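File shown: my_file_20.txt (compact mmCIF, C-alpha atoms and all ligand atoms).
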# COMPACT_ATOMS: atom_id res chain seq x y z
CA MET A 1 19.51 -59.42 -5.27
CA GLY A 2 16.04 -60.33 -6.48
CA PHE A 3 14.70 -60.20 -2.94
CA LYS A 4 16.23 -56.78 -2.28
CA ALA A 5 14.78 -55.43 -5.50
CA LEU A 6 11.39 -56.85 -4.55
CA CYS A 7 11.56 -55.17 -1.13
CA LEU A 8 12.59 -51.87 -2.64
CA GLY A 9 9.82 -52.15 -5.23
CA LEU A 10 7.24 -52.89 -2.55
CA PHE A 11 8.55 -50.00 -0.46
CA PHE A 12 7.93 -47.60 -3.32
CA VAL A 13 4.50 -48.98 -4.14
CA PHE A 14 3.41 -48.52 -0.54
CA PHE A 15 5.21 -45.21 -0.28
CA LEU A 16 3.29 -43.89 -3.27
CA SER A 17 0.00 -45.14 -1.92
CA TYR A 18 0.58 -43.48 1.45
CA ILE A 19 1.84 -40.25 0.03
CA HIS A 20 -1.66 -39.62 -1.25
CA ALA A 21 -2.99 -39.54 2.30
CA PRO A 22 -4.52 -36.12 2.79
CA ILE A 23 -2.59 -33.61 4.90
CA PRO A 24 -4.54 -30.67 6.37
CA ASP A 25 -4.16 -27.47 4.33
CA ASN A 26 -2.66 -25.36 7.08
CA VAL A 27 0.23 -27.73 7.86
CA GLU A 28 3.47 -26.04 6.85
CA GLU A 29 6.20 -27.83 4.88
CA SER A 30 3.46 -30.18 3.82
CA TRP A 31 5.51 -32.02 1.19
CA LYS A 32 8.22 -32.80 3.64
CA ILE A 33 5.74 -33.99 6.23
CA MET A 34 3.87 -36.05 3.66
CA ALA A 35 7.10 -37.79 2.65
CA LEU A 36 8.17 -38.33 6.27
CA ASP A 37 4.78 -39.68 7.17
CA ALA A 38 4.64 -42.00 4.16
CA ALA A 39 8.16 -43.29 4.85
CA ALA A 40 7.32 -43.85 8.53
CA LYS A 41 4.13 -45.71 7.65
CA VAL A 42 5.75 -47.95 5.05
CA PHE A 43 8.58 -48.64 7.40
CA SER A 44 6.16 -49.48 10.14
CA LEU A 45 4.19 -51.76 7.83
CA MET A 46 7.34 -53.63 6.87
CA ALA A 47 8.36 -54.01 10.52
CA MET A 48 4.89 -55.44 11.24
CA CYS A 49 5.29 -57.92 8.33
CA ILE A 50 8.67 -58.97 9.68
CA GLU A 51 7.07 -59.47 13.09
CA LYS A 52 4.27 -61.58 11.55
CA MET A 53 6.90 -63.73 9.83
CA GLY A 54 8.24 -64.47 13.33
CA ILE A 55 11.68 -63.01 12.64
CA ILE A 56 11.82 -60.26 15.25
CA LYS A 57 9.30 -58.32 17.30
CA TYR A 58 8.28 -54.92 15.98
CA GLU A 59 9.43 -53.07 19.09
CA GLU A 60 12.81 -54.83 19.10
CA LEU A 61 13.50 -54.06 15.46
CA ILE A 62 12.72 -50.36 15.87
CA SER A 63 14.82 -50.23 19.05
CA ILE A 64 17.80 -51.73 17.26
CA ILE A 65 17.49 -49.16 14.50
CA LEU A 66 17.20 -46.30 16.98
CA SER A 67 20.27 -47.51 18.84
CA LEU A 68 22.35 -46.85 15.69
CA ASP A 69 21.81 -43.17 16.41
CA TYR A 70 23.15 -43.18 19.99
CA THR A 71 25.64 -40.49 20.98
CA GLN A 72 28.48 -40.63 23.50
CA PRO A 73 28.52 -38.03 26.28
CA HIS A 74 30.49 -35.21 24.76
CA SER A 75 31.82 -32.27 26.80
CA ASP A 76 32.69 -28.97 25.17
CA GLU A 77 33.96 -25.58 26.30
CA TYR A 78 30.64 -24.74 27.99
CA LEU A 79 29.36 -28.03 29.37
CA THR A 80 30.65 -31.09 31.13
CA VAL A 81 28.58 -34.00 29.92
CA THR A 82 28.78 -37.40 31.60
CA ASP A 83 26.83 -40.64 31.70
CA THR A 84 26.35 -41.97 35.18
CA ALA A 85 23.66 -43.68 37.25
CA PHE A 86 21.32 -42.57 40.02
CA ILE A 87 21.22 -45.75 42.10
CA ASP A 88 20.94 -48.06 39.07
CA ILE A 89 19.02 -45.75 36.73
CA PRO A 90 21.16 -44.43 33.87
CA VAL A 91 21.28 -40.64 33.53
CA ARG A 92 23.19 -38.19 31.39
CA LEU A 93 24.25 -35.02 33.18
CA TYR A 94 24.88 -31.64 31.56
CA LEU A 95 26.77 -29.35 33.94
CA PRO A 96 27.60 -25.79 32.89
CA LYS A 97 31.32 -25.06 33.29
CA ARG A 98 31.10 -21.34 33.98
CA LYS A 99 31.38 -20.46 37.67
CA SER A 100 28.10 -19.35 39.19
CA GLU A 101 27.72 -17.20 42.31
CA ILE A 102 24.37 -18.74 43.11
CA PRO A 103 23.03 -22.28 42.84
CA ARG A 104 21.62 -23.07 39.41
CA ARG A 105 18.21 -24.05 38.13
CA ALA A 106 17.78 -27.68 37.08
CA VAL A 107 15.72 -29.49 34.47
CA ILE A 108 15.06 -33.22 34.64
CA TYR A 109 14.17 -34.46 31.16
CA VAL A 110 12.22 -37.65 30.45
CA HIS A 111 12.30 -38.55 26.77
CA GLY A 112 9.33 -39.91 24.82
CA GLY A 113 9.09 -43.02 22.65
CA ALA A 114 5.67 -44.62 23.09
CA PHE A 115 6.80 -46.44 26.27
CA CYS A 116 8.93 -48.73 24.08
CA PHE A 117 11.61 -46.75 22.30
CA GLY A 118 14.47 -44.33 22.56
CA SER A 119 17.11 -43.21 24.99
CA PHE A 120 18.67 -40.00 26.20
CA LYS A 121 21.53 -41.10 23.97
CA ASN A 122 19.51 -40.43 20.81
CA ARG A 123 20.86 -37.36 19.07
CA VAL A 124 17.62 -35.46 19.23
CA PHE A 125 17.43 -35.64 23.02
CA ASP A 126 21.13 -35.02 23.45
CA TYR A 127 20.81 -31.85 21.32
CA LEU A 128 17.73 -30.69 23.18
CA ASN A 129 19.28 -31.19 26.61
CA ARG A 130 22.51 -29.50 25.60
CA TRP A 131 20.51 -26.62 24.22
CA THR A 132 18.51 -26.37 27.45
CA ALA A 133 21.63 -26.39 29.64
CA ASN A 134 23.26 -23.67 27.51
CA LYS A 135 20.23 -21.42 27.06
CA LEU A 136 19.14 -21.53 30.69
CA ASP A 137 22.56 -21.92 32.25
CA ALA A 138 20.93 -24.84 34.04
CA VAL A 139 21.93 -28.27 35.22
CA VAL A 140 20.15 -30.84 33.06
CA VAL A 141 19.55 -34.45 34.06
CA SER A 142 18.32 -36.72 31.27
CA VAL A 143 16.81 -39.97 32.54
CA ASP A 144 16.62 -43.38 30.92
CA TYR A 145 14.21 -46.03 32.10
CA ARG A 146 13.63 -49.66 31.24
CA LYS A 147 11.09 -50.07 28.47
CA ALA A 148 8.24 -52.16 27.16
CA PRO A 149 7.62 -54.80 25.96
CA GLN A 150 10.25 -56.41 28.25
CA HIS A 151 9.47 -54.09 31.13
CA LYS A 152 5.82 -53.37 31.69
CA PHE A 153 4.06 -50.95 34.00
CA PRO A 154 5.06 -49.96 36.67
CA VAL A 155 8.77 -50.65 36.00
CA PRO A 156 9.45 -47.71 33.64
CA PHE A 157 7.48 -45.35 35.88
CA GLU A 158 9.33 -46.56 38.99
CA ASP A 159 12.67 -46.04 37.28
CA VAL A 160 11.88 -42.40 36.58
CA LEU A 161 10.55 -41.88 40.11
CA THR A 162 13.68 -43.44 41.62
CA ALA A 163 15.97 -41.18 39.60
CA VAL A 164 13.97 -38.05 40.45
CA LYS A 165 13.87 -38.83 44.17
CA PHE A 166 17.57 -39.54 44.18
CA PHE A 167 18.30 -36.19 42.55
CA LEU A 168 16.08 -34.29 45.02
CA GLN A 169 18.25 -35.20 48.00
CA ASP A 170 20.13 -32.34 49.68
CA LYS A 171 23.53 -33.91 49.24
CA ILE A 172 23.02 -34.50 45.52
CA LEU A 173 21.62 -31.03 44.83
CA THR A 174 24.56 -29.52 46.69
CA LYS A 175 27.00 -31.71 44.80
CA TYR A 176 25.74 -30.35 41.47
CA GLY A 177 25.19 -26.79 42.69
CA VAL A 178 21.40 -26.87 42.21
CA ASP A 179 18.86 -24.53 43.83
CA PRO A 180 16.24 -26.86 45.40
CA THR A 181 13.49 -24.27 44.82
CA ARG A 182 14.06 -24.10 41.05
CA ILE A 183 13.65 -27.61 39.66
CA CYS A 184 11.54 -28.53 36.66
CA ILE A 185 10.59 -31.93 35.23
CA SER A 186 9.88 -31.99 31.50
CA GLY A 187 9.08 -34.57 28.90
CA ASP A 188 7.54 -35.16 25.50
CA SER A 189 4.80 -37.61 24.54
CA SER A 190 5.02 -40.80 26.66
CA GLY A 191 7.88 -39.17 28.59
CA SER A 192 5.43 -36.58 29.84
CA ALA A 193 3.10 -39.35 31.06
CA PHE A 194 5.90 -40.20 33.49
CA VAL A 195 6.54 -36.55 34.25
CA ALA A 196 2.91 -35.89 35.19
CA ALA A 197 2.64 -39.07 37.27
CA VAL A 198 5.97 -38.57 39.05
CA THR A 199 5.16 -34.92 39.81
CA GLN A 200 1.89 -36.01 41.43
CA GLN A 201 3.73 -38.52 43.59
CA ILE A 202 6.42 -36.07 44.70
CA GLN A 203 4.08 -33.15 45.44
CA ASN A 204 1.73 -35.38 47.45
CA ASP A 205 4.47 -37.18 49.35
CA PRO A 206 4.94 -35.65 52.82
CA GLU A 207 8.34 -37.33 53.07
CA MET A 208 9.74 -35.33 50.18
CA LYS A 209 11.42 -32.22 51.53
CA HIS A 210 12.11 -30.69 48.13
CA LYS A 211 9.30 -30.29 45.65
CA ILE A 212 9.05 -29.57 41.97
CA LYS A 213 8.75 -25.92 40.91
CA THR A 214 7.28 -26.54 37.46
CA GLN A 215 6.37 -29.39 35.15
CA ALA A 216 6.45 -29.06 31.36
CA LEU A 217 4.46 -31.46 29.20
CA ILE A 218 4.99 -31.48 25.45
CA TYR A 219 2.15 -33.15 23.53
CA PRO A 220 1.60 -35.39 26.55
CA SER A 221 0.00 -38.80 26.83
CA LEU A 222 -2.02 -38.63 30.07
CA GLN A 223 -4.56 -41.42 30.20
CA ILE A 224 -5.19 -44.95 29.00
CA ILE A 225 -8.86 -45.32 29.88
CA ASP A 226 -10.62 -43.86 26.83
CA SER A 227 -9.33 -44.58 23.32
CA TYR A 228 -12.14 -42.81 21.52
CA LEU A 229 -11.81 -39.15 22.42
CA PRO A 230 -12.52 -36.67 19.59
CA SER A 231 -8.78 -36.29 18.88
CA PHE A 232 -8.47 -40.08 18.55
CA ARG A 233 -11.30 -40.08 16.04
CA GLU A 234 -10.09 -37.12 14.00
CA ASN A 235 -6.50 -38.31 13.86
CA GLU A 236 -7.12 -42.03 13.58
CA HIS A 237 -4.79 -42.18 10.57
CA GLY A 238 -2.82 -39.25 11.92
CA ILE A 239 0.50 -38.00 10.71
CA LEU A 240 3.41 -39.94 12.24
CA LEU A 241 1.23 -41.49 14.97
CA THR A 242 -1.88 -43.47 14.08
CA ARG A 243 -4.44 -44.72 16.54
CA ASP A 244 -3.65 -48.38 15.74
CA LEU A 245 0.06 -47.93 16.30
CA ALA A 246 -0.46 -46.04 19.55
CA ILE A 247 -2.77 -48.79 20.78
CA LYS A 248 -0.31 -51.50 19.82
CA LEU A 249 2.56 -49.86 21.67
CA VAL A 250 0.66 -48.75 24.76
CA SER A 251 -0.81 -52.26 25.02
CA SER A 252 2.65 -53.74 25.05
CA TYR A 253 3.43 -51.47 28.02
CA LEU A 254 0.35 -52.70 29.90
CA THR A 255 -0.06 -56.42 29.28
CA GLU A 256 1.03 -59.62 27.50
CA ASP A 257 -2.59 -60.42 26.64
CA GLU A 258 -2.82 -60.51 22.86
CA THR A 259 -6.57 -59.94 22.79
CA PHE A 260 -6.18 -56.64 24.60
CA PRO A 261 -5.29 -54.31 21.67
CA GLN A 262 -8.40 -55.39 19.73
CA ALA A 263 -10.61 -54.57 22.71
CA VAL A 264 -8.92 -51.18 23.06
CA LYS A 265 -9.58 -50.49 19.37
CA ARG A 266 -13.29 -51.03 20.03
CA ASN A 267 -12.94 -48.91 23.18
CA GLN A 268 -14.47 -51.79 25.15
CA TYR A 269 -11.82 -52.89 27.57
CA MET A 270 -12.37 -51.07 30.83
CA PRO A 271 -13.73 -53.05 33.79
CA LEU A 272 -16.94 -52.14 35.62
CA GLU A 273 -15.03 -50.99 38.68
CA SER A 274 -13.52 -48.13 36.68
CA LYS A 275 -16.84 -46.29 36.36
CA HIS A 276 -15.91 -43.57 38.85
CA LEU A 277 -12.94 -42.51 36.70
CA PHE A 278 -14.85 -41.54 33.60
CA LYS A 279 -15.95 -38.17 34.91
CA PHE A 280 -12.28 -37.22 34.70
CA VAL A 281 -12.14 -37.89 30.96
CA ASN A 282 -15.64 -36.64 30.19
CA TRP A 283 -14.74 -34.60 27.16
CA SER A 284 -18.29 -33.32 26.75
CA ILE A 285 -17.53 -31.19 29.83
CA LEU A 286 -13.75 -30.90 29.92
CA LEU A 287 -13.01 -30.00 26.30
CA PRO A 288 -13.53 -26.42 25.20
CA GLU A 289 -16.49 -26.23 22.82
CA LYS A 290 -14.22 -25.55 19.84
CA TYR A 291 -12.77 -29.05 20.05
CA ARG A 292 -15.98 -30.89 20.72
CA LYS A 293 -17.17 -30.03 17.20
CA ASP A 294 -19.97 -32.36 16.06
CA HIS A 295 -18.72 -35.30 18.06
CA VAL A 296 -21.41 -37.08 20.00
CA TYR A 297 -20.65 -38.09 23.56
CA THR A 298 -21.68 -41.61 24.55
CA GLU A 299 -21.31 -43.23 27.93
CA PRO A 300 -18.41 -45.71 28.14
CA ILE A 301 -19.19 -49.39 27.67
CA LEU A 302 -17.67 -51.15 30.66
CA GLY A 303 -17.16 -54.80 31.48
CA SER A 304 -17.54 -56.20 27.98
CA PRO A 305 -15.31 -58.06 28.39
CA GLY A 306 -13.44 -55.65 30.65
CA TYR A 307 -9.93 -56.54 31.66
CA SER A 308 -9.25 -56.60 35.38
CA LEU A 309 -5.74 -55.28 35.03
CA PRO A 310 -4.92 -53.10 38.05
CA VAL A 311 -2.96 -50.76 35.79
CA LEU A 312 -6.16 -49.65 34.06
CA THR A 313 -7.38 -47.80 37.14
CA ASP A 314 -3.96 -46.69 38.35
CA VAL A 315 -3.28 -42.94 38.37
CA ARG A 316 0.40 -43.64 37.83
CA ALA A 317 -0.54 -44.80 34.32
CA SER A 318 -3.30 -42.19 33.82
CA PRO A 319 -2.32 -39.02 35.67
CA LEU A 320 -5.35 -37.29 34.13
CA VAL A 321 -7.71 -39.36 36.31
CA ALA A 322 -6.24 -38.34 39.66
CA ASN A 323 -8.92 -36.77 41.87
CA ASP A 324 -9.13 -33.05 42.60
CA SER A 325 -7.34 -33.23 45.92
CA GLN A 326 -4.38 -34.97 44.27
CA LEU A 327 -4.24 -32.33 41.54
CA GLN A 328 -4.49 -29.36 43.89
CA ASN A 329 -0.90 -29.60 45.04
CA LEU A 330 0.57 -29.57 41.57
CA PRO A 331 3.04 -26.88 40.61
CA LEU A 332 2.94 -24.33 37.83
CA THR A 333 2.47 -26.34 34.64
CA TYR A 334 3.32 -25.85 30.98
CA ILE A 335 1.30 -27.85 28.45
CA LEU A 336 1.85 -27.81 24.72
CA THR A 337 -0.75 -29.45 22.50
CA CYS A 338 -0.95 -29.94 18.73
CA GLU A 339 -4.14 -29.88 16.72
CA TYR A 340 -3.31 -32.89 14.54
CA ASP A 341 -2.44 -35.31 17.29
CA ILE A 342 -4.43 -38.20 18.73
CA LEU A 343 -3.14 -37.13 22.16
CA ARG A 344 -4.43 -33.57 21.81
CA ASP A 345 -7.45 -34.08 24.07
CA ASP A 346 -5.39 -35.66 26.86
CA GLY A 347 -3.50 -32.37 27.10
CA LEU A 348 -6.58 -30.15 26.64
CA MET A 349 -8.51 -31.94 29.36
CA PHE A 350 -5.57 -31.78 31.75
CA VAL A 351 -5.48 -28.01 31.22
CA SER A 352 -9.18 -27.84 32.22
CA ARG A 353 -8.81 -30.12 35.21
CA LEU A 354 -5.79 -28.27 36.58
CA ARG A 355 -7.36 -24.86 36.11
CA ASN A 356 -10.58 -26.10 37.77
CA VAL A 357 -8.68 -26.79 40.97
CA GLY A 358 -6.68 -23.57 40.81
CA VAL A 359 -3.33 -24.83 39.48
CA GLN A 360 -1.62 -22.26 37.29
CA VAL A 361 -1.22 -23.48 33.72
CA THR A 362 0.37 -21.98 30.63
CA HIS A 363 -1.12 -23.63 27.59
CA ASP A 364 0.27 -23.32 24.06
CA HIS A 365 -1.85 -24.88 21.36
CA ILE A 366 -0.35 -25.17 17.89
CA GLU A 367 -3.16 -24.98 15.35
CA ASN A 368 -1.11 -26.60 12.58
CA GLY A 369 0.98 -28.80 14.87
CA ILE A 370 1.59 -32.55 14.55
CA HIS A 371 2.66 -35.12 17.10
CA GLY A 372 6.38 -35.79 17.48
CA ALA A 373 7.58 -32.70 15.58
CA LEU A 374 10.28 -32.06 18.16
CA LEU A 375 12.05 -35.17 16.86
CA TYR A 376 12.82 -33.35 13.63
CA THR A 377 15.34 -30.89 14.97
CA VAL A 378 18.51 -32.81 14.09
CA PRO A 379 20.11 -33.43 10.71
CA PRO A 380 19.15 -34.57 8.18
CA LEU A 381 15.49 -34.12 9.06
CA TYR A 382 14.39 -30.66 10.02
CA LEU A 383 10.89 -29.31 10.49
CA ARG A 384 10.34 -25.64 11.24
CA LEU A 385 7.55 -26.76 13.55
CA GLY A 386 10.07 -28.76 15.62
CA PHE A 387 12.19 -25.66 16.27
CA ARG A 388 9.10 -23.63 17.05
CA ILE A 389 8.05 -26.14 19.71
CA ARG A 390 11.52 -26.24 21.17
CA ASP A 391 11.73 -22.45 21.32
CA MET A 392 8.29 -22.05 22.90
CA TYR A 393 9.17 -24.58 25.56
CA ILE A 394 12.60 -23.12 26.31
CA SER A 395 11.43 -19.53 26.47
CA TRP A 396 8.63 -20.50 28.84
CA LEU A 397 11.13 -22.33 31.04
CA ASP A 398 13.50 -19.41 31.02
CA LYS A 399 10.78 -17.09 32.33
CA ASN A 400 9.21 -19.46 34.81
CA LEU A 401 11.89 -21.64 36.32
C1 LIG A 501 -20.55 -36.68 30.91
O1 LIG A 501 -21.16 -35.43 30.78
C2 LIG A 501 -22.51 -35.46 30.31
C3 LIG A 501 -22.98 -34.03 30.18
O2 LIG A 501 -22.37 -33.41 29.10
C4 LIG A 501 -23.35 -36.24 31.28
O3 LIG A 501 -24.67 -36.36 30.76
C5 LIG A 501 -22.76 -37.64 31.46
O4 LIG A 501 -23.47 -38.32 32.47
C6 LIG A 501 -21.32 -37.53 31.90
N1 LIG A 501 -20.75 -38.88 31.95
C7 LIG A 501 -19.82 -39.20 32.84
C8 LIG A 501 -19.35 -40.62 32.82
O5 LIG A 501 -19.31 -38.42 33.62
C1 LIG A 502 -8.18 -38.89 46.22
O1 LIG A 502 -7.27 -39.94 45.97
C2 LIG A 502 -6.44 -40.26 47.09
C3 LIG A 502 -5.43 -41.29 46.64
O2 LIG A 502 -6.02 -42.31 45.94
C4 LIG A 502 -7.31 -40.74 48.23
O3 LIG A 502 -6.51 -41.03 49.36
C5 LIG A 502 -8.32 -39.65 48.59
O4 LIG A 502 -9.21 -40.14 49.58
C6 LIG A 502 -9.12 -39.24 47.36
N1 LIG A 502 -9.90 -38.05 47.70
C7 LIG A 502 -11.16 -37.92 47.34
C8 LIG A 502 -11.81 -36.64 47.72
O5 LIG A 502 -11.75 -38.78 46.72
Turn the structure described in the file into C-alpha cells.
Amino acid sequence: MGFKALCLGLFFVFFLSYIHAPIPDNVEESWKIMALDAAAKVFSLMAMCIEKMGIIKYEELISIILSLDYTQPHSDEYLTVTDTAFIDIPVRLYLPKRKSEIPRRAVIYVHGGAFCFGSFKNRVFDYLNRWTANKLDAVVVSVDYRKAPQHKFPVPFEDVLTAVKFFLQDKILTKYGVDPTRICISGDSSGSAFVAAVTQQIQNDPEMKHKIKTQALIYPSLQIIDSYLPSFRENEHGILLTRDLAIKLVSSYLTEDETFPQAVKRNQYMPLESKHLFKFVNWSILLPEKYRKDHVYTEPILGSPGYSLPVLTDVRASPLVANDSQLQNLPLTYILTCEYDILRDDGLMFVSRLRNVGVQVTHDHIENGIHGALLYTVPPLYLRLGFRIRDMYISWLDKNL
C-alpha cells in the first residue's frame, strides 16, 4: 500500500513538473496535448527507472502494455477480416464483401512504433485499416514484422519486404481480386522507413513484374546518419517524441553496443567511410529556407570514434541516402510532415530529393502538427489533429491510387 501510494505520489510530482513544459501557441487542443505529453513522459521515465533496477527492459515493458490493446480480426457486413501469414510473416487482411466488376485497388500498411513497438492488432491500426478498406473499397493488407531489440536490422525490414513480394505475385493478386497496377504501400513513422526502403527495392528490382503505384509516408523516419538536423534541435524535448527517446529506440534497432546511443547524442558516431552520404542529408541545401532559420550548418564529424556498423551506410536503413539513380524510379509519393516533430526534416529533405530527380510528390505540411497524432484516433484519446491527418491521407489515396 505504502509503495503504491509512493509511486502514485511520484507520478503526480513528475506529471506536474512536465505539464509546465511549453507547448507552441498554435497547437490546437493544447491542454489535452500537454496532459498526454506529460503522462507519456512520466510513464517513460518510470519505465526507464524500472529498467535501471534490472526488473524488465524498457522496450519489453511497453510492448507488454501495448499488447493489452490487441484486437481480434473482426468481420462485419462490409468487410471480411482475417489474420493469416504471407510465408511466415503475419498479416491481417481486409477484404470488401461487395461484389466488384473490376479488380480492386490495394493498400499495404506498415505500422509505426519506433522499430520496437506495436502490431497491426493494436486498435488504432485496426481502425485505420478498416476505415481505408471501407472508404476506398480497397483490399488492405496490414503487415507485422519482428521487432527490436530482439530482432535488429535487417530482420524487420526483410520481413516487410518478404510480405510485400509475396503479395505482388500474380496468383495472390488474382486470389484477392487486386488490380496489379493500383497498389500502394503506406506507413507512419518508423513504418514509413520500411515503406520507403521496400519501395526502392521493388522499383529497382528487374525481377519484380508488378511495381508499386504510389507510396504514402506519414511523418516518416528516413535516415539514421545525422541526429542533429534543425528539426532534431528544435524538438529535442518534443511533444510525445523526444530526441533522447528516439535515439534510445533506434539504437536498439541497430546494435547491442551500449556506448552507441551516447555517441549518437553527440552526433559523433558515423565512420569515415560514410563521407559520401552526407551530401544527401545536407540540410543547408535540401531544406527550404523557411526551415533552415538561424541554424548554422557544420560539416559532420566522422570517425570519432565512428562505429563500423554496416547498417550505418545501408540505404535499407536510410532510404533518404539512396543515390539519384535509385530514386529516379520511385512512384508517385505522398509525404506528410509535422512542424513540431524531430523527424520533420527527414520528410522535407526527401521531398526535395525526389523532386530534384523528377519524381512526383504531393507534400502536406501541418504547421501546428505533432509527431504520432494519428495514434489518437481511437477512444478514449482523440485529437482533432489525428483525424485531420487520417482524412488528408485517405483523400489523397482516393484520388491517386
Ligand atoms: C553542404 O552544403 C554547403 C553549402 O551550403 C557546402 O559548403 C558543404 O560542403 C556541404 N557539405 C556536404 C557534406 O555536402
Ligand atoms: C547508385 O547506387 C547503386 C546501388 O548501390 C549503384 O549500383 C550505382 O552504381 C549507384 N549510382 C551512382 C550514379 O552512383
Give the padded box for ligand LIG 502 (chain A) as JSON: axis-aligned, covering all atoms listed in the file, 8 Å on each side, centre and edge lengths in Å to one decimal.
{"center_x": -8.6, "center_y": -39.5, "center_z": 47.8, "size_x": 22.4, "size_y": 21.7, "size_z": 19.6}
Within 7 Å of ligand LIG 502 (chain A), which residues show up when you count all atoms listed in the file? List them as a short mmCIF file (atom, residue, chain, number, x, y, z; two decimals) with C-alpha atoms, keeping the file's coordinate frame, please.
data_model
loop_
_atom_site.label_atom_id
_atom_site.label_comp_id
_atom_site.auth_asym_id
_atom_site.auth_seq_id
_atom_site.Cartn_x
_atom_site.Cartn_y
_atom_site.Cartn_z
CA ALA A 322 -6.24 -38.34 39.66
CA ASN A 323 -8.92 -36.77 41.87
CA ASP A 324 -9.13 -33.05 42.60
CA SER A 325 -7.34 -33.23 45.92
CA GLN A 326 -4.38 -34.97 44.27
#
Any idea what's packed within 12 Å of Ile285 (chain A), counting only C-alpha atoms, ignoring anything in its chain fewer than 4 positions away? Could you give it as a VMD selection string?
chain A and resid 278 to 281 289 to 292 297 345 348 to 349 352 to 353 356
Considering only C-alpha atoms and all ligand atoms, state which residue in the set A:Cys49, A:Ala85, A:Leu6, A:Leu277 is at the smallest distance from ligand LIG 501 (chain A).
A:Leu277
What is the CA of Ser252 (chain A) to CA of Glu59 (chain A) distance in Å?
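A separation of 9.1 Å between them.
Taking CA of Phe260 (chain A) and CA of Ala148 (chain A) as the two end points, the separation is 15.3 Å.
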Around the point (13.4, -41.3, 21.4), in the coordinates given by the file, pick out the residues reaching within 9 Å, counting only C-alpha atoms, and return them as a PyMOL selection string.
chain A and resi 66+111-114+117-125+375
Mind listing whatever residues come within 12 Å of the point (0.7, -45.7, 15.2)? Use only C-alpha atoms, file coordinates, and give them as a PyMOL selection string.
chain A and resi 37+40-45+48+58+113-114+232+235-251+341-343+371-372
Distance in Å - CA of Ile183 (chain A) versus CA of Val107 (chain A)
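Distance between the two atoms: 5.9 Å.
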Of the listed residues A:Leu168, A:Cys338, A:Ala197, A:Leu136, that which approaches Asp314 (chain A) most closely, counting all atoms listed in the file
A:Ala197
Polymer residues at most 10 Å from Asn26 (chain A), only C-alpha atoms, same-chain spacing of 6 or more positions, as a list in words:
Glu367, Asn368 and Gly369 of chain A
Choose the residue, out of A:Ile224, A:Ile389, A:Leu332, A:Val321, that has the smallest atom-to-atom separation from Val361 (chain A); count only C-alpha atoms.
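Of all the options, A:Leu332 lies closest to Val361 (chain A).
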Smallest atom-to-atom distance to ligand LIG 501 (chain A): which of A:Ile108, A:Leu309, A:Leu336, A:Ile225, using all atoms listed in the file?
A:Ile225
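Comparing the minimum interatomic distances between Ile218 (chain A) and each of A:Thr362, A:Ser304, A:Ser318, A:Thr337, counting all atoms listed in the file, we find that A:Thr337 sits nearest.
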Kindly indicate which residue among A:Val359, A:Val351, A:Val264, A:Leu302 lies nearest to ligand LIG 501 (chain A), using all atoms listed in the file for the distances.
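Using all atoms listed in the file, ligand LIG 501 (chain A) sits closest to A:Leu302.
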Leaving out region 95-105 of chain A and any residue of its chain fewer than 6 positions from it, which residues lie within 10 Å of it when counting all atoms listed in the file, given as a PDB file with C-alpha atoms, in the coordinates of the input?
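around.pdb was written with the following content:
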ATOM      1  CA  SER A  75      31.820 -32.270  26.800  1.00  0.00           C
ATOM      2  CA  ASP A  76      32.690 -28.970  25.170  1.00  0.00           C
ATOM      3  CA  GLU A  77      33.960 -25.580  26.300  1.00  0.00           C
ATOM      4  CA  TYR A  78      30.640 -24.740  27.990  1.00  0.00           C
ATOM      5  CA  LEU A  79      29.360 -28.030  29.370  1.00  0.00           C
ATOM      6  CA  THR A  80      30.650 -31.090  31.130  1.00  0.00           C
ATOM      7  CA  VAL A  81      28.580 -34.000  29.920  1.00  0.00           C
ATOM      8  CA  THR A  82      28.780 -37.400  31.600  1.00  0.00           C
ATOM      9  CA  ARG A 130      22.510 -29.500  25.600  1.00  0.00           C
ATOM     10  CA  ALA A 133      21.630 -26.390  29.640  1.00  0.00           C
ATOM     11  CA  ASN A 134      23.260 -23.670  27.510  1.00  0.00           C
ATOM     12  CA  LEU A 136      19.140 -21.530  30.690  1.00  0.00           C
ATOM     13  CA  ASP A 137      22.560 -21.920  32.250  1.00  0.00           C
ATOM     14  CA  ALA A 138      20.930 -24.840  34.040  1.00  0.00           C
ATOM     15  CA  VAL A 139      21.930 -28.270  35.220  1.00  0.00           C
ATOM     16  CA  VAL A 140      20.150 -30.840  33.060  1.00  0.00           C
ATOM     17  CA  VAL A 141      19.550 -34.450  34.060  1.00  0.00           C
ATOM     18  CA  LEU A 173      21.620 -31.030  44.830  1.00  0.00           C
ATOM     19  CA  THR A 174      24.560 -29.520  46.690  1.00  0.00           C
ATOM     20  CA  TYR A 176      25.740 -30.350  41.470  1.00  0.00           C
ATOM     21  CA  GLY A 177      25.190 -26.790  42.690  1.00  0.00           C
ATOM     22  CA  VAL A 178      21.400 -26.870  42.210  1.00  0.00           C
ATOM     23  CA  ASP A 179      18.860 -24.530  43.830  1.00  0.00           C
ATOM     24  CA  PRO A 180      16.240 -26.860  45.400  1.00  0.00           C
ATOM     25  CA  THR A 181      13.490 -24.270  44.820  1.00  0.00           C
ATOM     26  CA  ARG A 182      14.060 -24.100  41.050  1.00  0.00           C
ATOM     27  CA  ILE A 183      13.650 -27.610  39.660  1.00  0.00           C
ATOM     28  CA  CYS A 184      11.540 -28.530  36.660  1.00  0.00           C
ATOM     29  CA  ASP A 398      13.500 -19.410  31.020  1.00  0.00           C
ATOM     30  CA  LEU A 401      11.890 -21.640  36.320  1.00  0.00           C
TER      31      LEU A 401
END
Report as a PyMOL selection string all protein, DNA and RNA residues lying within 8 Å of Tyr109 (chain A), evaluated on all atoms listed in the file, omitting residues in the same chain fewer than 3 positions from it.
chain A and resi 129+140-143+185-187
